[in-house]
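Enquirer: File start.txt below, compact mmCIF, C-alpha atoms and all ligand atoms:
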```txt
# COMPACT_ATOMS: atom_id res chain seq x y z
CA MET A 16 161.95 163.25 47.35
CA ARG A 17 163.80 165.64 49.57
CA ALA A 18 162.28 169.09 49.95
CA PRO A 19 164.89 171.84 49.81
CA VAL A 20 165.98 173.22 53.14
CA THR A 21 164.91 176.84 53.31
CA PRO A 22 166.59 178.74 56.10
CA ALA A 23 164.07 180.93 57.84
CA PRO A 24 164.64 184.62 57.13
CA VAL A 25 165.29 186.49 60.33
CA VAL A 26 162.33 188.73 61.10
CA SER A 27 162.20 190.37 64.47
CA LEU A 28 159.01 189.84 66.40
CA ARG A 29 158.92 193.51 67.29
CA ALA A 30 159.09 194.61 63.68
CA HIS A 31 156.42 192.09 62.88
CA CYS A 32 154.09 193.33 65.58
CA LEU A 33 154.62 196.91 64.53
CA ARG A 34 153.72 196.01 60.99
CA ASN A 35 150.54 194.37 62.22
CA GLU A 36 149.57 197.41 64.22
CA HIS A 37 150.08 199.49 61.14
CA THR A 38 147.98 197.33 58.82
CA LEU A 39 145.28 196.82 61.37
CA TYR A 40 144.70 200.23 62.77
CA ASP A 41 145.93 202.82 60.26
CA PRO A 42 142.72 204.37 58.93
CA ASP A 43 144.58 206.00 56.01
CA HIS A 44 145.29 202.64 54.40
CA ASP A 45 142.38 202.00 52.07
CA GLU A 46 143.83 198.81 50.58
CA HIS A 47 143.55 197.25 54.02
CA SER A 48 139.83 197.53 54.29
CA GLU A 49 139.94 193.86 55.24
CA ALA A 50 141.97 194.97 58.24
CA SER A 51 138.79 194.85 60.28
CA MET A 52 138.40 191.15 59.46
CA LYS A 53 138.38 188.93 62.50
CA GLY A 54 138.72 185.23 63.01
CA ARG A 55 137.96 182.83 65.85
CA VAL A 56 140.49 181.05 68.05
CA ALA A 57 139.49 178.32 70.53
CA VAL A 58 140.98 179.00 73.97
CA LEU A 59 141.14 176.53 76.88
CA PRO A 60 141.03 178.34 80.25
CA ALA A 61 141.13 175.18 82.44
CA TYR A 62 142.19 171.58 81.80
CA GLY A 63 139.35 169.18 81.06
CA GLY A 64 136.94 172.10 80.69
CA LYS A 65 135.14 173.86 77.90
CA PHE A 66 136.82 175.98 75.25
CA GLU A 67 135.99 179.64 74.67
CA LEU A 68 135.93 181.09 71.17
CA ARG A 69 137.67 184.46 71.05
CA GLU A 70 138.01 186.74 68.06
CA TYR A 71 141.25 188.30 66.92
CA PRO A 72 142.14 190.55 63.98
CA VAL A 73 143.32 188.68 60.90
CA PRO A 74 146.89 189.80 60.12
CA ASP A 75 148.46 190.52 56.76
CA PRO A 76 151.34 188.11 56.15
CA GLU A 77 154.81 189.64 56.43
CA PRO A 78 157.27 188.92 53.57
CA GLY A 79 157.85 185.16 53.34
CA ALA A 80 154.83 184.27 55.47
CA ILE A 81 151.52 182.76 54.36
CA LEU A 82 148.05 183.30 55.81
CA ILE A 83 145.93 180.15 55.51
CA LYS A 84 142.16 179.92 55.91
CA LEU A 85 141.72 176.62 57.70
CA THR A 86 139.06 174.17 56.59
CA ARG A 87 139.71 171.24 58.96
CA ALA A 88 141.58 170.45 62.16
CA GLY A 89 142.03 167.06 63.79
CA VAL A 90 141.75 166.05 67.44
CA CYS A 91 144.89 163.96 67.85
CA GLY A 92 145.72 161.69 70.78
CA SER A 93 148.29 164.22 71.98
CA ASP A 94 145.64 166.97 71.92
CA LEU A 95 143.55 164.85 74.29
CA HIS A 96 146.58 164.47 76.59
CA ILE A 97 146.97 168.27 76.59
CA TRP A 98 143.25 168.88 77.19
CA ARG A 99 143.17 166.46 80.13
CA GLY A 100 146.16 168.23 81.71
CA GLU A 101 148.56 165.30 81.32
CA MET A 102 151.29 167.47 79.80
CA LYS A 103 151.35 170.28 82.37
CA GLU A 104 155.15 170.49 82.47
CA ILE A 105 155.04 171.70 78.88
CA TYR A 106 151.74 173.58 78.77
CA GLY A 107 151.66 175.10 82.25
CA SER A 108 149.68 174.47 85.41
CA PRO A 109 147.15 175.97 85.28
CA PRO A 110 147.05 176.67 81.52
CA ARG A 111 147.35 180.32 80.60
CA ASP A 112 144.79 181.06 77.87
CA LEU A 113 145.94 177.95 76.08
CA THR A 114 145.51 177.58 72.32
CA PHE A 115 146.69 174.43 70.59
CA GLY A 116 145.96 171.91 67.82
CA HIS A 117 148.43 170.86 65.13
CA GLU A 118 146.66 168.63 62.58
CA MET A 119 145.08 170.82 59.93
CA CYS A 120 144.66 171.83 56.34
CA GLY A 121 143.17 174.75 54.48
CA ARG A 122 143.44 177.17 51.59
CA VAL A 123 145.97 179.90 50.96
CA GLU A 124 144.25 183.15 51.90
CA ARG A 125 147.14 185.56 51.34
CA LEU A 126 150.74 185.11 50.29
CA GLY A 127 153.40 187.29 51.85
CA ALA A 128 155.78 189.13 49.53
CA GLY A 129 158.29 186.82 47.88
CA VAL A 130 156.33 183.56 48.21
CA SER A 131 155.50 182.02 44.85
CA VAL A 132 156.11 178.26 45.26
CA ASP A 133 155.47 175.55 47.85
CA SER A 134 158.26 173.49 49.47
CA ALA A 135 158.24 171.08 46.52
CA GLY A 136 158.78 173.93 44.04
CA GLN A 137 155.22 173.94 42.69
CA PRO A 138 153.56 177.32 41.97
CA LEU A 139 151.55 178.50 44.97
CA ARG A 140 148.56 180.81 44.58
CA GLU A 141 145.83 182.21 46.75
CA GLY A 142 142.99 179.69 47.01
CA ASP A 143 145.26 176.63 46.69
CA ARG A 144 144.57 173.74 49.09
CA VAL A 145 147.54 173.18 51.35
CA THR A 146 148.95 171.35 54.33
CA PHE A 147 152.11 172.27 56.22
CA LEU A 148 154.47 171.48 59.08
CA TYR A 149 153.29 172.68 62.50
CA PHE A 150 156.88 172.88 63.82
CA PHE A 151 159.82 174.80 62.51
CA PRO A 152 163.25 173.14 62.19
CA CYS A 153 166.03 175.73 62.16
CA GLY A 154 167.62 174.37 58.96
CA ARG A 155 171.02 175.50 60.22
CA CYS A 156 172.39 173.00 62.72
CA PRO A 157 174.21 169.65 62.68
CA VAL A 158 170.95 167.75 63.30
CA CYS A 159 169.10 169.39 60.40
CA LEU A 160 172.19 168.85 58.25
CA ARG A 161 171.84 165.11 58.89
CA ASP A 162 168.25 165.15 57.63
CA GLU A 163 166.87 164.67 61.14
CA MET A 164 164.91 167.90 61.11
CA GLY A 165 162.17 166.51 63.34
CA SER A 166 164.79 166.29 66.09
CA CYS A 167 166.25 169.77 65.55
CA PRO A 168 167.19 171.06 69.02
CA ARG A 169 166.46 174.63 67.92
CA LYS A 170 163.11 173.69 66.43
CA ALA A 171 160.56 176.41 67.10
CA ARG A 172 157.01 175.57 68.07
CA ALA A 173 153.82 177.52 68.00
CA ASN A 174 153.11 180.16 70.62
CA ARG A 175 150.26 178.75 72.71
CA VAL A 176 149.11 181.80 74.64
CA ALA A 177 145.93 183.21 73.08
CA GLY A 178 146.17 186.80 71.96
CA THR A 179 149.85 186.62 71.00
CA ALA A 180 150.43 188.18 67.58
CA PRO A 181 149.98 187.03 64.88
CA TYR A 182 147.09 185.41 66.83
CA PHE A 183 146.52 182.38 64.57
CA ASN A 184 149.34 180.14 65.77
CA ASN A 185 147.56 176.79 66.09
CA ALA A 186 145.00 174.54 64.43
CA TYR A 187 141.87 175.35 66.46
CA GLY A 188 140.91 178.59 64.79
CA ASP A 189 139.69 180.06 61.51
CA TYR A 190 143.18 180.90 60.24
CA TYR A 191 146.77 179.78 60.53
CA TYR A 192 149.71 182.12 60.17
CA LEU A 193 152.57 180.14 58.59
CA ARG A 194 155.69 182.00 59.55
CA PRO A 195 158.47 182.69 57.01
CA GLY A 196 160.42 179.56 56.15
CA GLY A 197 157.56 177.20 57.11
CA PHE A 198 157.26 174.04 55.01
CA ILE A 199 154.05 173.88 52.96
CA PHE A 200 152.75 171.50 50.30
CA HIS A 201 149.83 171.36 47.87
CA ILE A 202 147.16 168.79 48.69
CA PRO A 203 146.56 166.68 45.55
CA ASP A 204 143.16 167.36 43.92
CA GLU A 205 142.18 163.71 44.39
CA VAL A 206 142.63 163.87 48.19
CA SER A 207 139.78 165.36 50.23
CA ASP A 208 140.30 167.71 53.18
CA ASP A 209 138.98 165.04 55.56
CA VAL A 210 141.59 162.57 54.37
CA ALA A 211 144.39 165.17 54.24
CA THR A 212 143.85 166.54 57.77
CA PRO A 213 145.93 163.97 59.73
CA ALA A 214 148.68 163.90 57.07
CA ASN A 215 150.83 166.55 58.79
CA CYS A 216 150.95 164.57 62.04
CA ALA A 217 149.93 160.91 62.16
CA LEU A 218 150.65 159.83 58.60
CA ALA A 219 153.90 161.78 58.08
CA GLN A 220 155.23 160.57 61.42
CA VAL A 221 154.32 156.94 60.70
CA LEU A 222 155.88 157.10 57.25
CA TYR A 223 159.02 158.71 58.64
CA GLY A 224 159.25 156.23 61.53
CA LEU A 225 158.85 153.13 59.39
CA THR A 226 161.43 154.50 56.96
CA ARG A 227 163.89 155.04 59.82
CA ALA A 228 163.14 151.55 61.12
CA GLY A 229 164.25 150.24 57.74
CA LEU A 230 160.99 148.53 56.77
CA ARG A 231 161.26 147.25 53.22
CA GLN A 232 159.79 145.00 50.59
CA GLY A 233 159.33 141.41 51.76
CA ASP A 234 159.50 142.22 55.48
CA THR A 235 157.20 140.99 58.20
CA ALA A 236 155.82 143.80 60.37
CA VAL A 237 153.97 143.66 63.67
CA ILE A 238 151.81 146.70 64.43
CA GLN A 239 150.85 147.06 68.09
CA GLY A 240 147.64 149.08 68.28
CA ALA A 241 145.09 149.72 65.50
CA GLY A 242 144.16 153.34 66.32
CA GLY A 243 144.72 156.19 63.88
CA LEU A 244 148.52 155.81 63.88
CA GLY A 245 148.48 152.02 63.74
CA LEU A 246 146.03 151.87 60.83
CA ASN A 247 148.14 154.35 58.88
CA ALA A 248 151.15 152.16 59.66
CA VAL A 249 149.41 149.08 58.27
CA ALA A 250 148.64 150.90 55.01
CA VAL A 251 152.17 152.32 54.71
CA ALA A 252 153.68 148.87 55.34
CA ARG A 253 151.45 147.42 52.61
CA ASP A 254 152.40 150.23 50.22
CA VAL A 255 156.11 149.69 50.92
CA GLY A 256 155.69 146.04 49.96
CA ALA A 257 155.82 144.27 53.34
CA ASP A 258 155.07 140.60 52.80
CA ARG A 259 153.22 139.92 56.03
CA ILE A 260 151.53 142.40 58.36
CA ILE A 261 150.33 141.33 61.81
CA VAL A 262 148.17 143.69 63.88
CA LEU A 263 147.34 143.47 67.58
CA ASP A 264 144.43 145.26 69.23
CA ARG A 265 141.63 144.67 71.70
CA VAL A 266 138.72 146.24 69.81
CA ALA A 267 136.99 144.08 67.19
CA SER A 268 135.97 146.98 64.94
CA ARG A 269 139.54 148.27 64.87
CA LEU A 270 140.78 144.84 63.87
CA GLU A 271 138.22 144.79 61.10
CA LEU A 272 139.50 148.18 59.93
CA ALA A 273 143.07 146.89 60.14
CA ARG A 274 142.14 144.19 57.65
CA ALA A 275 140.59 146.84 55.39
CA PHE A 276 143.89 148.75 55.60
CA GLY A 277 145.84 145.71 54.46
CA ALA A 278 146.61 143.57 57.53
CA ASP A 279 147.11 139.87 56.85
CA HIS A 280 146.55 138.84 60.45
CA ALA A 281 144.47 140.85 62.95
CA LEU A 282 145.01 139.32 66.38
CA SER A 283 142.64 140.13 69.22
CA LEU A 284 143.81 140.67 72.78
CA ALA A 285 140.42 139.29 73.77
CA ASP A 286 141.55 135.90 72.42
CA LEU A 287 145.25 136.15 73.24
CA THR A 288 144.94 137.28 76.82
CA THR A 289 148.59 137.16 77.95
CA PRO A 290 151.84 138.59 76.53
CA GLU A 291 153.22 135.05 76.28
CA ARG A 292 150.34 133.94 74.08
CA ARG A 293 150.68 136.99 71.84
CA ILE A 294 154.44 136.52 71.46
CA GLN A 295 153.87 132.85 70.64
CA ALA A 296 151.24 133.80 68.04
CA VAL A 297 153.75 136.08 66.28
CA MET A 298 156.41 133.35 66.44
CA ASP A 299 153.96 130.85 64.95
CA LEU A 300 153.22 133.24 62.07
CA THR A 301 156.92 133.84 61.37
CA GLY A 302 158.18 130.27 61.33
CA GLY A 303 159.52 130.70 64.85
CA PHE A 304 161.93 133.52 63.94
CA GLY A 305 160.08 136.73 64.83
CA ALA A 306 159.27 139.85 62.85
CA ASP A 307 161.65 142.17 60.97
CA VAL A 308 159.97 145.27 62.38
CA VAL A 309 157.69 145.61 65.43
CA ALA A 310 156.12 149.02 66.01
CA ASP A 311 154.30 150.44 69.06
CA PHE A 312 151.39 152.78 68.36
CA VAL A 313 149.63 152.10 71.68
CA GLY A 314 151.30 154.48 74.13
CA TYR A 315 151.15 152.10 77.08
CA PRO A 316 154.64 151.11 78.29
CA ASP A 317 153.92 147.44 78.95
CA VAL A 318 153.60 146.78 75.24
CA VAL A 319 157.31 147.59 74.70
CA PRO A 320 158.89 144.54 76.43
CA GLU A 321 156.21 142.38 74.80
CA GLY A 322 156.98 143.80 71.36
CA LEU A 323 160.75 143.47 71.83
CA LYS A 324 160.24 139.73 72.36
CA MET A 325 158.45 139.50 69.00
CA LEU A 326 161.55 140.66 67.07
CA ARG A 327 163.73 138.42 64.98
CA GLY A 328 167.46 138.54 65.58
CA GLY A 329 168.70 141.86 64.22
CA GLY A 330 165.16 143.19 63.90
CA CYS A 331 164.08 146.75 64.65
CA TYR A 332 161.65 147.98 67.30
CA LEU A 333 159.96 151.28 66.46
CA GLU A 334 158.55 153.31 69.39
CA VAL A 335 156.01 155.99 68.47
CA GLY A 336 153.09 155.58 70.87
CA SER A 337 154.54 157.04 74.08
CA ILE A 338 154.04 160.80 74.15
CA ALA A 339 152.94 161.69 77.69
CA PRO A 340 155.77 161.61 80.29
CA GLY A 341 156.06 158.68 82.72
CA ASN A 342 155.90 155.73 80.30
CA VAL A 343 158.61 153.66 81.99
CA PHE A 344 159.34 150.08 80.96
CA SER A 345 161.87 147.54 82.12
CA TYR A 346 163.80 145.11 79.90
CA ASP A 347 166.91 142.99 80.09
CA ALA A 348 169.60 144.90 78.20
CA THR A 349 171.48 141.65 77.66
CA ALA A 350 168.55 140.31 75.68
CA LEU A 351 168.81 143.37 73.42
CA VAL A 352 172.54 142.70 72.93
CA ARG A 353 172.12 139.01 72.26
CA GLY A 354 169.27 139.73 69.87
CA ASN A 355 171.30 142.36 67.97
CA ALA A 356 168.16 144.45 68.34
CA ARG A 357 167.79 147.93 66.91
CA LEU A 358 165.59 150.50 68.65
CA VAL A 359 164.23 153.52 66.82
CA ALA A 360 161.99 156.15 68.42
CA THR A 361 160.28 158.82 66.38
CA SER A 362 158.63 162.12 67.18
CA ASN A 363 157.80 164.61 64.42
CA TYR A 364 159.48 164.03 61.04
CA SER A 365 161.62 165.54 58.35
CA PRO A 366 159.70 167.72 55.87
CA TRP A 367 160.11 165.24 52.99
CA ALA A 368 157.85 162.83 54.91
CA LEU A 369 154.84 165.15 54.54
CA ALA A 370 155.37 165.41 50.78
CA GLN A 371 155.58 161.62 50.61
CA ALA A 372 152.51 161.25 52.84
CA LEU A 373 150.45 163.30 50.36
CA ALA A 374 151.74 161.25 47.41
CA PHE A 375 150.93 158.10 49.41
CA LEU A 376 147.33 159.29 49.91
CA ARG A 377 146.92 160.12 46.22
CA ARG A 378 148.40 156.79 45.15
CA ASN A 379 146.32 154.71 47.58
CA ARG A 380 143.08 156.68 47.82
CA ALA A 381 141.03 153.90 46.23
CA ARG A 382 142.96 151.09 47.90
CA PHE A 383 142.41 151.91 51.59
CA PRO A 384 139.35 153.46 53.33
CA PHE A 385 141.07 156.58 54.70
CA GLU A 386 137.73 158.34 55.12
CA ARG A 387 136.93 155.86 57.89
CA LEU A 388 139.77 157.18 60.06
CA VAL A 389 137.69 160.16 61.16
CA SER A 390 134.54 159.15 63.00
CA HIS A 391 133.00 162.55 63.78
CA VAL A 392 133.26 166.03 62.25
CA PHE A 393 132.11 168.89 64.51
CA PRO A 394 131.84 172.59 63.66
CA LEU A 395 134.56 174.66 65.36
CA ALA A 396 131.87 176.22 67.55
CA GLN A 397 131.32 172.75 69.08
CA ILE A 398 134.98 172.05 69.84
CA SER A 399 134.16 171.29 73.50
CA ASP A 400 131.75 168.55 72.41
CA ALA A 401 134.37 167.18 70.02
CA PHE A 402 136.89 166.80 72.85
CA GLN A 403 134.41 165.29 75.28
CA GLU A 404 133.20 162.79 72.70
CA ALA A 405 136.72 161.83 71.56
CA ASP A 406 137.85 161.49 75.18
CA TRP A 407 134.88 159.32 76.10
CA MET A 408 135.42 157.08 73.11
CA ARG A 409 139.14 156.85 73.75
CA ARG A 410 138.44 155.70 77.29
CA GLY A 411 136.49 152.82 75.81
CA GLY A 412 133.02 154.30 76.17
CA ASP A 413 131.79 152.96 72.88
CA GLY A 414 134.52 150.61 71.78
CA LEU A 415 132.86 150.07 68.43
CA ARG A 416 134.21 153.08 66.64
CA ILE A 417 137.47 154.84 65.97
CA SER A 418 137.95 157.75 68.32
CA ARG A 419 139.18 160.35 65.87
CA ALA A 420 137.19 163.56 65.81
CA ALA A 421 137.78 166.47 63.44
CA LEU A 422 136.64 170.08 63.36
CA SER A 423 135.22 171.92 60.39
CA MET A 424 135.84 175.67 60.19
CA ALA A 425 132.97 176.30 57.79
CA SER A 426 130.21 177.92 59.79
ZN ZN B 1 148.84 164.75 66.05
ZN ZN B 2 168.21 172.54 63.31
```
Could you show the structure in this file as structure tokens?

Expert:
Amino acid sequence: MRAPVTPAPVVSLRAHCLRNEHTLYDPDHDEHSEASMKGRVAVLPAYGGKFELREYPVPDPEPGAILIKLTRAGVCGSDLHIWRGEMKEIYGSPPRDLTFGHEMCGRVERLGAGVSVDSAGQPLREGDRVTFLYFFPCGRCPVCLRDEMGSCPRKARANRVAGTAPYFNNAYGDYYYLRPGGFIFHIPDEVSDDVATPANCALAQVLYGLTRAGLRQGDTAVIQGAGGLGLNAVAVARDVGADRIIVLDRVASRLELARAFGADHALSLADLTTPERRIQAVMDLTGGFGADVVADFVGYPDVVPEGLKMLRGGGCYLEVGSIAPGNVFSYDATALVRGNARLVATSNYSPWALAQALAFLRRNRARFPFERLVSHVFPLAQISDAFQEADWMRRGGDGLRISRAALSMAS
């Protein structure tokens, strides 16, 4: 399914701010008695430190916009990179009243004038459970025209300086202000908020990446890394109809989860201690020919040359894991040529992938244990604890559990 491309109406920021001032502070406007409503936003004053919760006035949505009351937000691997200060060239050094977070879902609180359907054409009402894109393809450029909206060079992102109207620009807060033209979809009734939360990042990106890599029925897939992304990839590959799915990870409990998500072979780095042994193991499982698709969800550059050597002739390598700058690898380009290799790298996704991710969750909710992808749910007020715990677990502190934390906005 392809969601229709809705060009964003042009609304000047100044006009928007003026309208907010009006609704928020004009005492003559009785119908805006809720104008005094406030909501919390988590603000990070220093990298690696504690968040502060600040309150901001809840805005009325302008025409075409949607105000969403968030119920859940996820702590994604990239959020941990930001928190640690590993993405300073994007987020500033030091951070300036940084707000962030991008995995989330919630309920429609208020619809702006003119909004009556979601991006799939289904009626949209206040109170409906929804998820949405956290980035904003322009819809009017050659890249968007080619259905590569995740790569749109004019793609707008959230404002990350706390206190910038309309205040609720990111996932770590009580509300989210979906600007006009934003892509939004109903969450199926059968899919819980906990399961839906990572859909707008991890799952949609995995689904989009594997589609671009050309994974299809009957294929053999190698998944490097059984974290949140890798486990979603295993389930998507199974759903697509891959014949054989091989997963590589170091942590025993993750390998056990990989099997629960549909892996045929879960290979441990504890047993296969060198790249050569791991490559040989994949060759042994593929009759000596290699896999149709090999995908990196680790984010450590040394896995790339190793994975490239697991490909069959003409196979496709999918790179998703590397998000922080500096992940340099070295490989013989001649080997790529002689292997007729294809390389696909994926960041973000086209909006149709989120709609398909939600259908995937509905279709497979009883087949795979999605609820096990989130290990801890913290109240928003404990966001600092959520980050410290997720960071500690990601650094291998426990090793027995998945390191995905989520935040609940219910107080
Ligand atoms: Zn994410
Ligand atoms: Zn564009």

Enquirer: I need the residue nearest ligand ZN 2 (chain B) from this list: A:Leu126, A:Ala219, A:Met408, A:Cys159. Use only C-alpha atoms and all ligand atoms for the distance.

Expert: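 Counting only C-alpha atoms and all ligand atoms, the residue closest to ligand ZN 2 (chain B) is A:Cys159.
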
Enquirer: Please return as a list in words the residues found within 12 Å of ligand ZN 2 (chain B), counting only C-alpha atoms and all ligand atoms.

Expert: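 Based on only C-alpha atoms and all ligand atoms, ligand ZN 2 (chain B) is surrounded within 12 Å by Val20, Thr21, Pro22, Ala23, Phe150, Phe151, Pro152, Cys153, Gly154, Arg155, Cys156, Pro157, Val158, Cys159, Leu160, Arg161, Asp162, Glu163, Met164, Gly165, Ser166, Cys167, Pro168, Arg169, Lys170, Ala171 and Ser365 of chain A.
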
Enquirer: Give me, please, the distance in Å between atom CA of A:Gly305 and atom CA of A:Arg231, quoted to one decimal.

Expert: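 Between atom CA of A:Gly305 and atom CA of A:Arg231 the gap works out to 15.7 Å.
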
Enquirer: Which is closest to ligand ZN 1 (chain B) among A:Thr226, A:Ser51, A:Gln220, A:Ser207, if we use only C-alpha atoms and all ligand atoms?

Expert: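 For ligand ZN 1 (chain B), the nearest of the candidates is A:Gln220.
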
Enquirer: Please identify the residues whose atoms come within 6 Å of ligand ZN 1 (chain B), using only C-alpha atoms and all ligand atoms, and report them as a PyMOL selection string.

Expert: chain A and resi 91+93+118+216-217

Enquirer: Check the smallest atom-to-atom distance from each of A:Ala306, A:Met102, A:Ala396, A:Ala368 to A:Leu218 using only C-alpha atoms, then report the winner.

Expert: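 So, comparing all the options, the nearest one is A:Ala368.
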
Enquirer: Write out as a list in words the residues lying within 6 Å of stretch 269-282 of chain A, counting only C-alpha atoms and excluding same-chain residues fewer than 4 positions away.

Expert: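 Selected residues are Ala241, Leu246, Ala250, Ile260, Ile261, Val262, Leu263 and Phe383 of chain A.
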
Enquirer: For the selection just defined, write its residues with C-alpha atoms to a file, as a PDB file, keeping the file's coordinate frame.

Expert:
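The file below, again26.pdb, is the result:
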```
ATOM      1  CA  ALA A 241     145.090 149.720  65.500  1.00  0.00           C
ATOM      2  CA  LEU A 246     146.030 151.870  60.830  1.00  0.00           C
ATOM      3  CA  ALA A 250     148.640 150.900  55.010  1.00  0.00           C
ATOM      4  CA  ILE A 260     151.530 142.400  58.360  1.00  0.00           C
ATOM      5  CA  ILE A 261     150.330 141.330  61.810  1.00  0.00           C
ATOM      6  CA  VAL A 262     148.170 143.690  63.880  1.00  0.00           C
ATOM      7  CA  LEU A 263     147.340 143.470  67.580  1.00  0.00           C
ATOM      8  CA  PHE A 383     142.410 151.910  51.590  1.00  0.00           C
TER       9      PHE A 383
END
```

Enquirer: Counting all atoms listed in the file, select every polymer residue within 10 Å of (135.8, 184.6, 71.5) as defined in the file's coordinates, and provide the selection as a CSV table (one decimal) with C-alpha atoms, keeping the file's coordinate frame.

Expert:
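This is the output file selection27.csv:
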```csv
chain,number,residue,atom,x,y,z
A,54,GLY,CA,138.7,185.2,63.0
A,55,ARG,CA,138.0,182.8,65.8
A,56,VAL,CA,140.5,181.0,68.0
A,57,ALA,CA,139.5,178.3,70.5
A,58,VAL,CA,141.0,179.0,74.0
A,66,PHE,CA,136.8,176.0,75.2
A,67,GLU,CA,136.0,179.6,74.7
A,68,LEU,CA,135.9,181.1,71.2
A,69,ARG,CA,137.7,184.5,71.0
A,70,GLU,CA,138.0,186.7,68.1
A,71,TYR,CA,141.2,188.3,66.9
```
